[in-house]
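A.B. asks: Provided herewith: protein_20.cif, mmCIF, C-alpha atoms.
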```
data_my_file
loop_
_atom_site.label_atom_id
_atom_site.label_comp_id
_atom_site.auth_asym_id
_atom_site.auth_seq_id
_atom_site.Cartn_x
_atom_site.Cartn_y
_atom_site.Cartn_z
CA MET A 1 0.00 0.00 0.00
CA SER A 2 1.39 3.38 -0.92
CA GLY A 3 1.89 6.11 1.66
CA PHE A 4 -1.14 8.09 0.54
CA SER A 5 -3.72 5.33 0.70
CA ARG A 6 -2.18 4.07 3.93
CA THR A 7 -2.71 7.47 5.59
CA VAL A 8 -6.26 7.60 4.25
CA TRP A 9 -6.94 4.16 5.67
CA LEU A 10 -5.40 5.00 9.07
CA VAL A 11 -7.41 8.24 9.44
CA LEU A 12 -10.58 6.43 8.39
CA ARG A 13 -9.95 3.53 10.77
CA LYS A 14 -9.22 5.92 13.64
CA ASP A 15 -12.48 7.81 13.09
CA PHE A 16 -14.38 4.57 12.75
CA THR A 17 -12.94 3.15 15.98
CA VAL A 18 -13.69 6.33 17.94
CA GLU A 19 -17.22 6.41 16.56
CA VAL A 20 -17.99 2.74 17.18
CA ARG A 21 -17.00 3.07 20.85
CA SER A 22 -19.62 5.70 21.61
CA LEU A 23 -21.84 5.87 18.50
CA GLU A 24 -22.48 9.44 19.62
CA ILE A 25 -22.58 11.08 16.19
CA ALA A 26 -24.43 8.20 14.52
CA TYR A 27 -27.26 8.15 17.08
CA THR A 28 -27.69 11.91 17.48
CA MET A 29 -27.52 12.51 13.73
CA LEU A 30 -30.03 9.77 12.97
CA PHE A 31 -32.47 11.02 15.57
CA PHE A 32 -32.08 14.55 14.28
CA ALA A 33 -32.68 13.44 10.68
CA VAL A 34 -35.82 11.56 11.68
CA SER A 35 -37.07 14.61 13.61
CA CYS A 36 -36.45 16.71 10.50
CA VAL A 37 -38.55 14.39 8.36
CA LEU A 38 -41.33 14.43 10.97
CA ILE A 39 -41.33 18.23 11.23
CA PHE A 40 -41.68 18.47 7.46
CA ALA A 41 -44.44 15.88 7.58
CA PHE A 42 -46.35 17.98 10.14
CA ALA A 43 -45.72 21.15 8.16
CA LEU A 44 -46.70 19.83 4.74
CA VAL A 45 -49.22 16.99 5.16
CA GLN A 46 -52.77 18.26 4.74
CA GLU A 47 -55.91 16.24 5.46
CA GLY A 48 -53.78 13.17 6.00
CA ARG A 49 -52.17 13.31 2.56
CA ALA A 50 -48.61 14.22 1.60
CA PRO A 51 -48.12 16.87 -1.13
CA GLU A 52 -47.18 15.79 -4.64
CA GLY A 53 -43.43 15.47 -5.12
CA GLY A 54 -42.57 16.55 -1.58
CA ALA A 55 -40.66 13.38 -0.77
CA ALA A 56 -37.55 14.23 -2.83
CA GLY A 57 -37.19 17.63 -1.19
CA ILE A 58 -37.72 16.32 2.33
CA LEU A 59 -35.17 13.54 1.85
CA TRP A 60 -32.49 16.00 0.74
CA ILE A 61 -33.28 18.55 3.43
CA ALA A 62 -32.90 15.83 6.05
CA VAL A 63 -29.57 14.75 4.52
CA ALA A 64 -28.25 18.33 4.38
CA PHE A 65 -29.31 19.21 7.94
CA ALA A 66 -28.12 15.96 9.48
CA GLY A 67 -24.91 16.22 7.46
CA THR A 68 -24.18 19.66 8.91
CA LEU A 69 -24.66 18.26 12.39
CA ALA A 70 -22.34 15.33 11.72
CA LEU A 71 -19.67 17.59 10.18
CA GLY A 72 -19.75 19.93 13.16
CA ARG A 73 -19.53 17.12 15.71
CA THR A 74 -16.78 15.21 13.88
CA PHE A 75 -14.45 18.18 13.98
CA GLU A 76 -15.56 19.36 17.42
CA ARG A 77 -14.31 16.01 18.65
CA GLU A 78 -10.97 16.64 16.94
CA ARG A 79 -10.72 20.07 18.51
CA GLN A 80 -10.94 18.80 22.06
CA SER A 81 -7.44 18.04 23.30
CA GLU A 82 -6.12 19.40 19.98
CA THR A 83 -6.07 16.06 18.19
CA LEU A 84 -6.54 17.75 14.82
CA ARG A 85 -3.29 19.62 15.36
CA ALA A 86 -1.60 16.33 16.18
CA LEU A 87 -3.07 14.84 13.02
CA LEU A 88 -1.76 17.73 10.94
CA LEU A 89 1.65 17.58 12.60
CA ALA A 90 2.02 13.94 11.69
CA PRO A 91 4.46 13.34 8.84
CA ALA A 92 1.67 12.49 6.43
CA ALA A 93 0.36 14.12 3.28
CA ARG A 94 -2.29 16.71 4.16
CA PRO A 95 -4.57 15.76 1.25
CA ALA A 96 -4.55 12.17 2.55
CA VAL A 97 -5.83 13.38 5.93
CA TYR A 98 -8.59 15.25 4.08
CA VAL A 99 -9.57 12.20 2.03
CA GLY A 100 -9.66 10.02 5.16
CA LYS A 101 -11.94 12.50 6.91
CA LEU A 102 -14.12 12.85 3.81
CA LEU A 103 -14.62 9.10 3.49
CA GLY A 104 -15.60 8.88 7.15
CA ILE A 105 -18.26 11.56 6.74
CA VAL A 106 -19.56 10.02 3.51
CA ALA A 107 -19.85 6.61 5.19
CA LEU A 108 -21.73 8.13 8.11
CA LEU A 109 -24.13 10.00 5.82
CA LEU A 110 -24.76 6.97 3.62
CA ALA A 111 -25.61 4.94 6.73
CA ALA A 112 -28.11 7.62 7.73
CA GLU A 113 -29.61 7.64 4.23
CA MET A 114 -30.20 3.90 4.41
CA LEU A 115 -32.61 4.59 7.23
CA LEU A 116 -34.02 7.85 5.85
CA VAL A 117 -34.97 6.47 2.42
CA PRO A 118 -37.35 3.76 3.69
CA LEU A 119 -38.75 6.19 6.26
CA VAL A 120 -39.54 8.87 3.67
CA ALA A 121 -40.88 6.22 1.26
CA LEU A 122 -43.18 4.93 3.97
CA LEU A 123 -44.42 8.23 5.36
CA PHE A 124 -44.91 10.00 2.03
CA GLN A 125 -46.06 7.05 -0.09
CA ALA A 126 -43.18 7.67 -2.49
CA PRO A 127 -41.91 4.83 -4.72
CA LEU A 128 -38.31 5.61 -3.73
CA LEU A 129 -37.21 2.00 -3.80
CA ALA A 130 -38.60 1.24 -7.27
CA HIS A 131 -35.24 1.95 -8.96
CA PRO A 132 -32.64 1.18 -6.28
CA VAL A 133 -29.58 1.47 -8.55
CA TRP A 134 -30.47 4.93 -9.86
CA LEU A 135 -31.35 6.11 -6.36
CA ALA A 136 -28.07 4.78 -4.97
CA LEU A 137 -26.12 6.58 -7.71
CA ILE A 138 -27.90 9.88 -7.02
CA LEU A 139 -27.45 9.58 -3.26
CA VAL A 140 -23.78 8.60 -3.44
CA THR A 141 -22.78 11.36 -5.88
CA GLY A 142 -24.86 13.97 -4.03
CA THR A 143 -23.46 12.94 -0.65
CA ILE A 144 -19.87 13.07 -1.89
CA GLY A 145 -20.42 16.57 -3.30
CA PHE A 146 -22.00 17.85 -0.09
CA ALA A 147 -19.42 16.20 2.14
CA ALA A 148 -16.45 17.33 0.00
CA VAL A 149 -17.24 21.01 0.61
CA GLY A 150 -18.49 20.32 4.14
CA THR A 151 -15.36 18.47 5.28
CA LEU A 152 -13.06 21.23 4.07
CA PHE A 153 -15.17 24.01 5.62
CA ALA A 154 -15.67 22.18 8.92
CA ALA A 155 -11.93 21.45 9.09
CA MET A 156 -10.91 25.04 8.42
CA LEU A 157 -13.52 26.41 10.84
CA VAL A 158 -12.01 24.40 13.71
CA ARG A 159 -9.72 27.37 14.33
CA ALA A 160 -12.46 30.00 14.00
CA ARG A 161 -14.72 31.54 16.60
CA SER A 162 -18.50 30.89 16.41
CA ARG A 163 -17.77 27.88 14.20
CA ASP A 164 -21.09 26.12 14.88
CA VAL A 165 -23.14 28.91 13.31
CA LEU A 166 -20.64 29.71 10.59
CA LEU A 167 -20.59 26.17 9.17
CA PRO A 168 -24.18 26.19 7.82
CA VAL A 169 -23.84 29.87 6.86
CA LEU A 170 -20.88 29.08 4.62
CA LEU A 171 -21.89 25.61 3.53
CA TYR A 172 -25.45 26.06 2.26
CA PRO A 173 -24.87 28.80 -0.34
CA ILE A 174 -22.02 26.76 -1.83
CA THR A 175 -23.86 23.42 -1.88
CA VAL A 176 -27.02 24.80 -3.50
CA PRO A 177 -26.24 23.13 -6.87
CA VAL A 178 -25.87 19.73 -5.16
CA ILE A 179 -29.22 20.13 -3.42
CA ILE A 180 -30.93 21.31 -6.63
CA ALA A 181 -29.46 18.45 -8.68
CA GLY A 182 -30.18 15.86 -5.98
CA VAL A 183 -33.78 16.97 -5.51
CA ARG A 184 -34.46 17.23 -9.27
CA ALA A 185 -32.95 13.80 -10.01
CA THR A 186 -34.84 12.16 -7.14
CA ALA A 187 -38.07 13.87 -8.21
CA ALA A 188 -37.55 12.58 -11.78
CA LEU A 189 -37.09 9.12 -10.29
CA LEU A 190 -40.41 9.36 -8.46
CA GLN A 191 -42.41 10.17 -11.60
CA PRO A 192 -44.85 7.43 -12.62
CA GLU A 193 -42.84 7.18 -15.87
CA MET A 194 -39.19 7.43 -14.85
CA ASP A 195 -37.39 9.95 -17.08
CA ALA A 196 -33.92 8.46 -17.61
CA ALA A 197 -32.65 11.36 -19.74
CA VAL A 198 -33.41 13.90 -17.01
CA ILE A 199 -31.79 11.74 -14.35
CA ARG A 200 -28.70 11.28 -16.52
CA PHE A 201 -28.38 15.05 -16.94
CA TRP A 202 -28.50 15.70 -13.19
CA LEU A 203 -26.17 12.78 -12.44
CA ALA A 204 -23.64 14.18 -14.90
CA LEU A 205 -23.89 17.56 -13.16
CA LEU A 206 -23.40 15.90 -9.74
CA VAL A 207 -20.36 13.95 -10.93
CA THR A 208 -18.81 17.12 -12.42
CA PHE A 209 -19.48 18.98 -9.17
CA ASP A 210 -17.85 16.16 -7.18
CA VAL A 211 -14.75 16.13 -9.37
CA VAL A 212 -14.34 19.93 -9.34
CA PHE A 213 -14.92 20.38 -5.61
CA VAL A 214 -12.87 17.39 -4.44
CA THR A 215 -10.00 18.65 -6.61
CA LEU A 216 -10.36 22.19 -5.26
CA SER A 217 -10.49 20.89 -1.69
CA LEU A 218 -7.37 18.78 -2.12
CA TRP A 219 -5.65 21.79 -3.62
CA THR A 220 -6.69 24.28 -0.90
CA PHE A 221 -6.59 22.00 2.17
CA GLU A 222 -2.87 22.57 2.58
CA PRO A 223 -2.87 26.42 2.54
CA LEU A 224 -6.15 26.60 4.50
CA MET A 225 -4.95 24.37 7.32
CA THR A 226 -1.63 26.18 7.70
CA ASP A 227 -1.56 28.84 10.41
CA MET T 1 -4.94 60.29 -0.14
CA LYS T 2 -3.82 60.16 -3.72
CA LYS T 3 -3.90 63.38 -5.74
CA TRP T 4 -6.62 62.13 -8.10
CA PHE T 5 -8.99 61.24 -5.31
CA MET T 6 -10.72 64.56 -4.50
CA PRO T 7 -11.25 65.60 -8.15
CA ALA T 8 -12.67 62.12 -8.83
CA VAL T 9 -15.09 62.51 -5.90
CA ILE T 10 -16.30 65.82 -7.35
CA VAL T 11 -16.71 64.34 -10.84
CA CYS T 12 -18.57 61.35 -9.41
CA GLY T 13 -20.89 63.62 -7.41
CA LEU T 14 -21.63 65.71 -10.50
CA MET T 15 -22.30 62.64 -12.60
CA PHE T 16 -24.77 61.28 -10.05
CA ALA T 17 -26.45 64.71 -10.03
CA ILE T 18 -26.76 64.80 -13.83
CA ALA T 19 -27.75 61.13 -14.29
CA PRO T 20 -31.38 61.57 -13.06
CA VAL T 21 -31.85 64.45 -15.53
CA LEU T 22 -30.62 62.31 -18.41
CA ILE T 23 -32.74 59.37 -17.29
CA ALA T 24 -35.82 61.57 -16.96
CA GLY T 25 -35.14 62.99 -20.43
CA ALA T 26 -34.88 59.59 -22.08
CA PRO T 27 -37.97 58.54 -24.06
CA TYR T 28 -40.53 56.19 -22.55
CA GLU T 29 -40.20 52.60 -23.65
CA SER T 30 -43.31 51.68 -25.64
CA THR T 31 -44.55 48.62 -23.72
CA MET T 32 -43.26 49.11 -20.18
CA GLY T 33 -43.48 52.89 -19.82
CA LEU T 34 -42.10 54.50 -16.69
CA VAL T 35 -41.00 51.26 -14.98
CA GLN T 36 -38.37 50.69 -17.64
CA LYS T 37 -36.34 53.58 -16.16
CA ILE T 38 -35.29 51.34 -13.26
CA PHE T 39 -33.13 49.64 -15.87
CA TYR T 40 -30.73 52.65 -15.85
CA VAL T 41 -29.92 51.85 -12.22
CA HIS T 42 -30.40 48.11 -12.26
CA LEU T 43 -28.07 47.21 -15.12
CA PRO T 44 -25.10 49.41 -14.06
CA SER T 45 -25.35 48.20 -10.45
CA ALA T 46 -25.52 44.59 -11.67
CA TRP T 47 -22.39 45.11 -13.78
CA THR T 48 -20.59 46.68 -10.82
CA PHE T 49 -21.78 43.80 -8.62
CA LEU T 50 -20.23 41.31 -11.06
CA LEU T 51 -17.00 43.31 -11.36
CA ALA T 52 -16.65 43.50 -7.56
CA ALA T 53 -17.25 39.75 -7.27
CA ILE T 54 -14.57 39.00 -9.86
CA ILE T 55 -12.07 41.30 -8.10
CA CYS T 56 -12.85 39.68 -4.75
CA GLY T 57 -12.40 36.18 -6.16
CA VAL T 58 -9.16 36.86 -8.00
CA ALA T 59 -7.62 38.73 -5.05
CA SER T 60 -8.65 35.91 -2.70
CA VAL T 61 -7.06 33.21 -4.81
CA ARG T 62 -3.86 35.24 -5.07
CA TYR T 63 -3.86 35.79 -1.31
CA LEU T 64 -4.52 32.13 -0.54
CA PHE T 65 -1.54 30.96 -2.56
CA GLY T 66 1.14 33.01 -0.92
CA GLY T 67 -0.07 36.48 -1.86
CA ALA T 68 0.68 39.62 0.10
CA ALA T 69 -1.68 41.14 2.69
CA ARG T 70 -2.53 43.77 0.07
CA GLN T 71 -4.51 41.17 -1.87
CA ASP T 72 -6.46 40.29 1.24
CA ARG T 73 -7.39 43.92 1.91
CA LEU T 74 -8.51 44.28 -1.69
CA ALA T 75 -10.63 41.10 -1.45
CA TRP T 76 -12.28 42.32 1.76
CA ALA T 77 -13.08 45.74 0.33
CA ALA T 78 -14.44 44.18 -2.86
CA ALA T 79 -16.60 41.74 -0.87
CA GLU T 80 -18.26 44.62 0.96
CA LEU T 81 -18.99 46.29 -2.35
CA VAL T 82 -20.39 43.02 -3.71
CA VAL T 83 -22.91 43.14 -0.87
CA LEU T 84 -23.68 46.82 -1.46
CA PHE T 85 -24.13 46.74 -5.25
CA GLY T 86 -25.74 43.30 -5.01
CA ALA T 87 -28.33 44.74 -2.65
CA ILE T 88 -29.08 47.56 -5.11
CA THR T 89 -29.42 45.02 -7.92
CA LEU T 90 -31.60 42.68 -5.89
CA VAL T 91 -33.92 45.49 -4.78
CA THR T 92 -34.31 47.25 -8.13
CA GLY T 93 -34.82 43.94 -9.98
CA PRO T 94 -38.01 42.87 -8.18
CA LEU T 95 -39.39 46.44 -8.36
CA TRP T 96 -39.21 46.15 -12.12
CA ALA T 97 -40.29 42.50 -12.23
CA ARG T 98 -43.49 43.21 -10.28
CA LYS T 99 -44.62 45.45 -13.12
CA ALA T 100 -43.11 43.61 -16.09
CA TRP T 101 -43.67 39.97 -15.08
CA GLY T 102 -46.44 40.46 -12.50
CA VAL T 103 -44.40 38.78 -9.76
CA TRP T 104 -41.68 40.01 -7.43
CA TRP T 105 -39.43 37.04 -7.85
CA GLN T 106 -38.83 34.25 -10.36
CA TRP T 107 -36.51 31.28 -9.92
CA ASP T 108 -34.77 32.32 -13.07
CA VAL T 109 -31.10 31.53 -13.64
CA ARG T 110 -29.79 35.09 -13.43
CA LEU T 111 -31.85 35.87 -10.37
CA THR T 112 -30.88 32.71 -8.54
CA ALA T 113 -27.20 32.97 -9.44
CA SER T 114 -27.12 36.64 -8.33
CA LEU T 115 -28.85 35.81 -5.07
CA MET T 116 -26.48 32.94 -4.29
CA GLY T 117 -23.45 35.05 -5.21
CA TRP T 118 -24.71 37.79 -2.94
CA MET T 119 -25.26 35.26 -0.14
CA VAL T 120 -21.71 33.95 -0.48
CA ALA T 121 -20.45 37.54 -0.13
CA VAL T 122 -22.58 38.03 2.99
CA ALA T 123 -21.25 34.75 4.38
CA TYR T 124 -17.72 35.99 3.58
CA LEU T 125 -18.29 39.17 5.61
CA MET T 126 -19.83 37.22 8.50
CA LEU T 127 -16.83 34.89 8.53
CA ARG T 128 -14.45 37.87 8.69
CA ARG T 129 -16.54 39.62 11.31
CA TYR T 130 -17.20 36.68 13.65
CA GLY T 131 -14.53 34.17 12.68
CA GLY T 132 -11.83 35.58 14.94
CA PRO T 133 -8.12 35.48 14.19
CA GLY T 134 -7.07 33.56 11.10
CA SER T 135 -10.38 34.09 9.33
CA ASP T 136 -8.68 35.97 6.46
CA LYS T 137 -7.35 32.71 4.97
CA LEU T 138 -10.67 30.95 5.53
CA ALA T 139 -12.57 33.78 3.86
CA ALA T 140 -10.22 33.55 0.88
CA GLY T 141 -11.01 29.84 0.64
CA LEU T 142 -14.72 30.60 0.74
CA ALA T 143 -14.37 33.17 -2.05
CA LEU T 144 -12.53 30.60 -4.19
CA PHE T 145 -15.32 28.07 -3.69
CA GLY T 146 -17.93 30.72 -4.32
CA MET T 147 -16.33 31.51 -7.67
CA ALA T 148 -16.12 27.85 -8.68
CA ASN T 149 -19.79 27.50 -7.76
CA VAL T 150 -21.18 30.05 -10.21
CA PRO T 151 -21.17 27.82 -13.34
CA PHE T 152 -22.91 25.04 -11.42
CA ILE T 153 -25.68 27.30 -10.22
CA TYR T 154 -25.96 28.65 -13.74
CA ILE T 155 -26.32 25.22 -15.35
CA SER T 156 -28.63 23.81 -12.70
CA VAL T 157 -31.11 26.67 -12.81
CA ASN T 158 -30.83 27.22 -16.56
CA TYR T 159 -32.33 23.78 -16.94
CA TRP T 160 -35.62 25.17 -15.63
CA ARG T 161 -36.50 28.12 -17.82
CA THR T 162 -35.50 31.73 -18.20
CA ILE T 163 -37.47 34.90 -18.77
CA HIS T 164 -34.85 37.48 -17.78
CA PRO T 165 -33.94 39.80 -20.68
CA THR T 166 -30.52 38.90 -22.08
CA THR T 167 -27.63 41.32 -22.36
CA ASN T 168 -27.89 41.03 -26.16
CA VAL T 169 -30.29 43.97 -26.06
CA VAL T 170 -27.58 46.37 -24.91
CA PRO T 171 -25.62 46.91 -28.19
CA THR T 172 -28.89 47.31 -30.13
CA LEU T 173 -30.21 50.13 -27.97
CA PRO T 174 -31.07 53.38 -29.79
CA THR T 175 -28.95 56.37 -28.74
CA SER T 176 -31.77 57.95 -26.74
CA PHE T 177 -31.74 54.92 -24.41
CA GLY T 178 -28.03 54.19 -24.74
CA VAL T 179 -26.63 57.55 -23.64
CA PRO T 180 -28.29 57.62 -20.19
CA LEU T 181 -27.43 53.94 -19.70
CA TRP T 182 -23.72 54.31 -20.44
CA PHE T 183 -23.56 57.56 -18.48
CA SER T 184 -25.12 55.81 -15.51
CA ALA T 185 -22.77 52.84 -15.94
CA VAL T 186 -19.70 55.08 -15.89
CA SER T 187 -21.03 56.85 -12.78
CA PHE T 188 -21.45 53.54 -10.99
CA LEU T 189 -18.01 52.39 -12.06
CA LEU T 190 -16.44 55.60 -10.76
CA LEU T 191 -18.34 55.29 -7.48
CA PHE T 192 -17.12 51.71 -7.19
CA VAL T 193 -13.49 52.68 -7.75
CA LEU T 194 -13.73 55.47 -5.17
CA LEU T 195 -15.39 53.31 -2.52
CA LEU T 196 -12.91 50.52 -3.13
CA ARG T 197 -10.01 52.95 -2.75
CA VAL T 198 -11.40 54.40 0.51
CA ARG T 199 -12.03 50.96 1.96
CA VAL T 200 -8.61 49.58 1.02
CA ARG T 201 -7.00 52.71 2.45
CA LEU T 202 -8.84 52.25 5.73
CA GLU T 203 -7.47 48.72 6.02
CA GLU T 204 -3.98 49.94 5.09
CA GLN T 205 -4.12 52.50 7.90
CA ARG T 206 -5.32 49.84 10.33
CA ALA T 207 -2.48 47.53 9.33
CA LYS T 208 0.02 50.38 9.76
CA LEU T 209 -1.37 51.19 13.19
CA ASP T 210 -1.17 47.54 14.24
CA ALA T 211 2.43 47.40 13.05
CA MET T 212 3.21 50.51 15.12
CA TYR T 213 1.65 49.01 18.25
CA LEU T 214 3.65 45.85 17.73
CA SER T 215 6.89 47.78 17.32
CA MET T 216 6.15 49.72 20.52
CA ASP T 217 5.75 46.47 22.45
CA ALA T 218 9.01 45.13 21.14
#
```
Could you render the structure as structure tokens?

C.D. replies:
Amino acid sequence: MSGFSRTVWLVLRKDFTVEVRSLEIAYTMLFFAVSCVLIFAFALVQEGRAPEGGAAGILWIAVAFAGTLALGRTFERERQSETLRALLLAPAARPAVYVGKLLGIVALLLAAEMLLVPLVALLFQAPLLAHPVWLALILVTGTIGFAAVGTLFAAMLVRARSRDVLLPVLLYPITVPVIIAGVRATAALLQPEMDAAVIRFWLALLVTFDVVFVTLSLWTFEPLMTD
Amino acid sequence: MKKWFMPAVIVCGLMFAIAPVLIAGAPYESTMGLVQKIFYVHLPSAWTFLLAAIICGVASVRYLFGGAARQDRLAWAAAELVVLFGAITLVTGPLWARKAWGVWWQWDVRLTASLMGWMVAVAYLMLRRYGGPGSDKLAAGLALFGMANVPFIYISVNYWRTIHPTTNVVPTLPTSFGVPLWFSAVSFLLLFVLLLRVRVRLEEQRAKLDAMYLSMDA
């Protein structure tokens, strides 16, 4: 294994071990995501029926909100006893540390989505599971795009004051295209006649976004994390 | 202050005094009537908004990759002007749209992209204001991401539909409409340059003062 992928693996394994011991982020994030879905259900359901096409939007709102929570907590944990500084001082490539962190967040979010998708499908009578492969592709590409920007911003905000409020303030305007593309693709999936051309367009946009923003993050992680 | 500054302020003041006269003297547009005159403020402020955003982005990238503190001061000043001219654009736009389209707001590509760009600039200022020490680098990173984001917003919203007039109309304008427009545009540009200069100078003075305090301690 080369040095880069070894560092990625070590960072990922460390985060996984810490998380498995307490499951703090996983449980709180999941509960928060479920509460989000329920609040939207109470806000939007009228006379016992869910609005047309609301499911796609609610799913992505829950992912974005829960993702922000997970990002904040993951790096708050690193801030206590300055473990992030130790991580950055280690003789390892900075981009590898970023990739390790990113994969951890993506794994956490995908786990949450596995619970959210059936829940939204059930509560909003949406045929979300009719095309599992397409849905998985949309969710994976969307999650990577959201987490790529989120991981970089959460990491750089570790040093800033009022970081908990600043993270969503900075993150949401930048991730708007991911949310638009994710919601539109999921909504196209939920149509009675699935529109493959539309889904392909949004997937292509999501993949381009992922490539551009992961590249930019790898490129800027080094100067942004240097005091 | 530089020698050109005070004369430029006077010229700018005169131009803003004359602009309303020119705009009032321009003929009424046949279908929209009086409302169309907002366009003489809306378009120049939108251009200035875009120019400020580009300056902020370029200066931020240069600062992030080993640039001097000068670039950072320029980026900060430009970001504040993005918010200012963006606010003018985003207020005058809906005033016109209410009359021309019948609604205040449309999720049109230009509108959405402008709003998101404006929000990134506001987020930039909040980060600088509340981020504490070290937030200059972080803000530069945010500006870089904000710039990279624009094409994505553009493509994703363009896929819906667009009703905003395109800039193709500008070169085809008759002189009676064109003269007030270009006059107004030059006035806004001059105002932008002056404000940018004042703001950068303020930061320069602050930096100098900080350096003096530090040298006193030493």

A.B. asks: Which residues come within 9 Å of stretch 4-18 of chain T, counting only C-alpha atoms, excluding same-chain residues fewer than 5 positions away, as a short mmCIF file (atom, residue, chain, number, x, y, z; two decimals) with C-alpha atoms, in the coordinates of the input?

C.D. replies:
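Output below, filename selection.cif:
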```cif
data_model
loop_
_atom_site.label_atom_id
_atom_site.label_comp_id
_atom_site.auth_asym_id
_atom_site.auth_seq_id
_atom_site.Cartn_x
_atom_site.Cartn_y
_atom_site.Cartn_z
CA ILE T 23 -32.74 59.37 -17.29
CA PHE T 183 -23.56 57.56 -18.48
CA SER T 184 -25.12 55.81 -15.51
CA VAL T 186 -19.70 55.08 -15.89
CA SER T 187 -21.03 56.85 -12.78
CA PHE T 188 -21.45 53.54 -10.99
CA LEU T 190 -16.44 55.60 -10.76
CA LEU T 191 -18.34 55.29 -7.48
CA LEU T 194 -13.73 55.47 -5.17
CA ARG T 197 -10.01 52.95 -2.75
#
```

A.B. asks: Please enumerate the residues selected by the PyMOL selection byres ((chain T) within 9 of (chain A)) when evaluated against the supplied file, formatted as a ChimeraX atom specification.

C.D. replies: /T:64-66,116-117,119-120,123-124,126-127,130-135,137-138,140-142,144-146,148-149,152-157

A.B. asks: For stretch 53-56 of chain A, list every protein, DNA or RNA residue within 9 Å, evaluated using only C-alpha atoms, and leave out those in the same chain fewer than 6 positions away; present the list as a ChimeraX atom specification.

C.D. replies: /A:44,120-121,123-126,128,182-187,190-191

A.B. asks: Write out as a list in words the residues lying within 10 Å of A:Ala26, counting all atoms listed in the file and excluding same-chain residues fewer than 3 positions away.

C.D. replies: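 In the requested form, the answer reads Glu19, Val20, Ser22, Leu23, Met29, Leu30, Phe31, Phe32, Ala66, Ala70, Leu108, Leu109, Ala111 and Ala112 of chain A.
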
A.B. asks: Report, in Å with one decimal, the straight-line distance from atom CA of A:Leu12 to atom CA of A:Leu87.

C.D. replies: 12.2 Å

A.B. asks: So how many Å separate atom CA of T:Pro180 and atom CA of T:Val103, to one decimal?

C.D. replies: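 Interatomic distance, atom CA of T:Pro180 to atom CA of T:Val103: 26.9 Å.
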
A.B. asks: Taking the partial coordinates given, rebuild stretch 197-209 of chain T to contain N, CA and C atoms; return it as a short mmCIF file (atom, residue, chain, number, x, y, z; two decimals), in the coordinates of the input.

C.D. replies:
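Final file, out.cif:
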```cif
data_model
loop_
_atom_site.label_atom_id
_atom_site.label_comp_id
_atom_site.auth_asym_id
_atom_site.auth_seq_id
_atom_site.Cartn_x
_atom_site.Cartn_y
_atom_site.Cartn_z
N ARG T 197 -11.25 52.27 -3.17
CA ARG T 197 -10.01 52.95 -2.75
C ARG T 197 -10.09 53.36 -1.28
N VAL T 198 -11.23 53.95 -0.88
CA VAL T 198 -11.40 54.40 0.51
C VAL T 198 -11.31 53.22 1.46
N ARG T 199 -11.97 52.13 1.07
CA ARG T 199 -12.03 50.96 1.96
C ARG T 199 -10.66 50.30 2.09
N VAL T 200 -9.95 50.18 0.98
CA VAL T 200 -8.61 49.58 1.02
C VAL T 200 -7.70 50.46 1.86
N ARG T 201 -7.84 51.77 1.69
CA ARG T 201 -7.00 52.71 2.45
C ARG T 201 -7.24 52.57 3.94
N LEU T 202 -8.51 52.42 4.31
CA LEU T 202 -8.84 52.25 5.73
C LEU T 202 -8.12 51.03 6.30
N GLU T 203 -8.15 49.92 5.54
CA GLU T 203 -7.47 48.72 6.02
C GLU T 203 -5.96 48.92 6.06
N GLU T 204 -5.42 49.67 5.09
CA GLU T 204 -3.98 49.94 5.09
C GLU T 204 -3.59 50.69 6.35
N GLN T 205 -4.41 51.71 6.69
CA GLN T 205 -4.12 52.50 7.90
C GLN T 205 -4.17 51.63 9.15
N ARG T 206 -5.18 50.75 9.18
CA ARG T 206 -5.32 49.84 10.33
C ARG T 206 -4.09 48.96 10.46
N ALA T 207 -3.64 48.41 9.32
CA ALA T 207 -2.48 47.53 9.33
C ALA T 207 -1.25 48.28 9.81
N LYS T 208 -1.12 49.55 9.35
CA LYS T 208 0.02 50.38 9.76
C LYS T 208 0.00 50.60 11.26
N LEU T 209 -1.20 50.92 11.77
CA LEU T 209 -1.37 51.19 13.19
C LEU T 209 -1.01 49.95 14.01
#
```
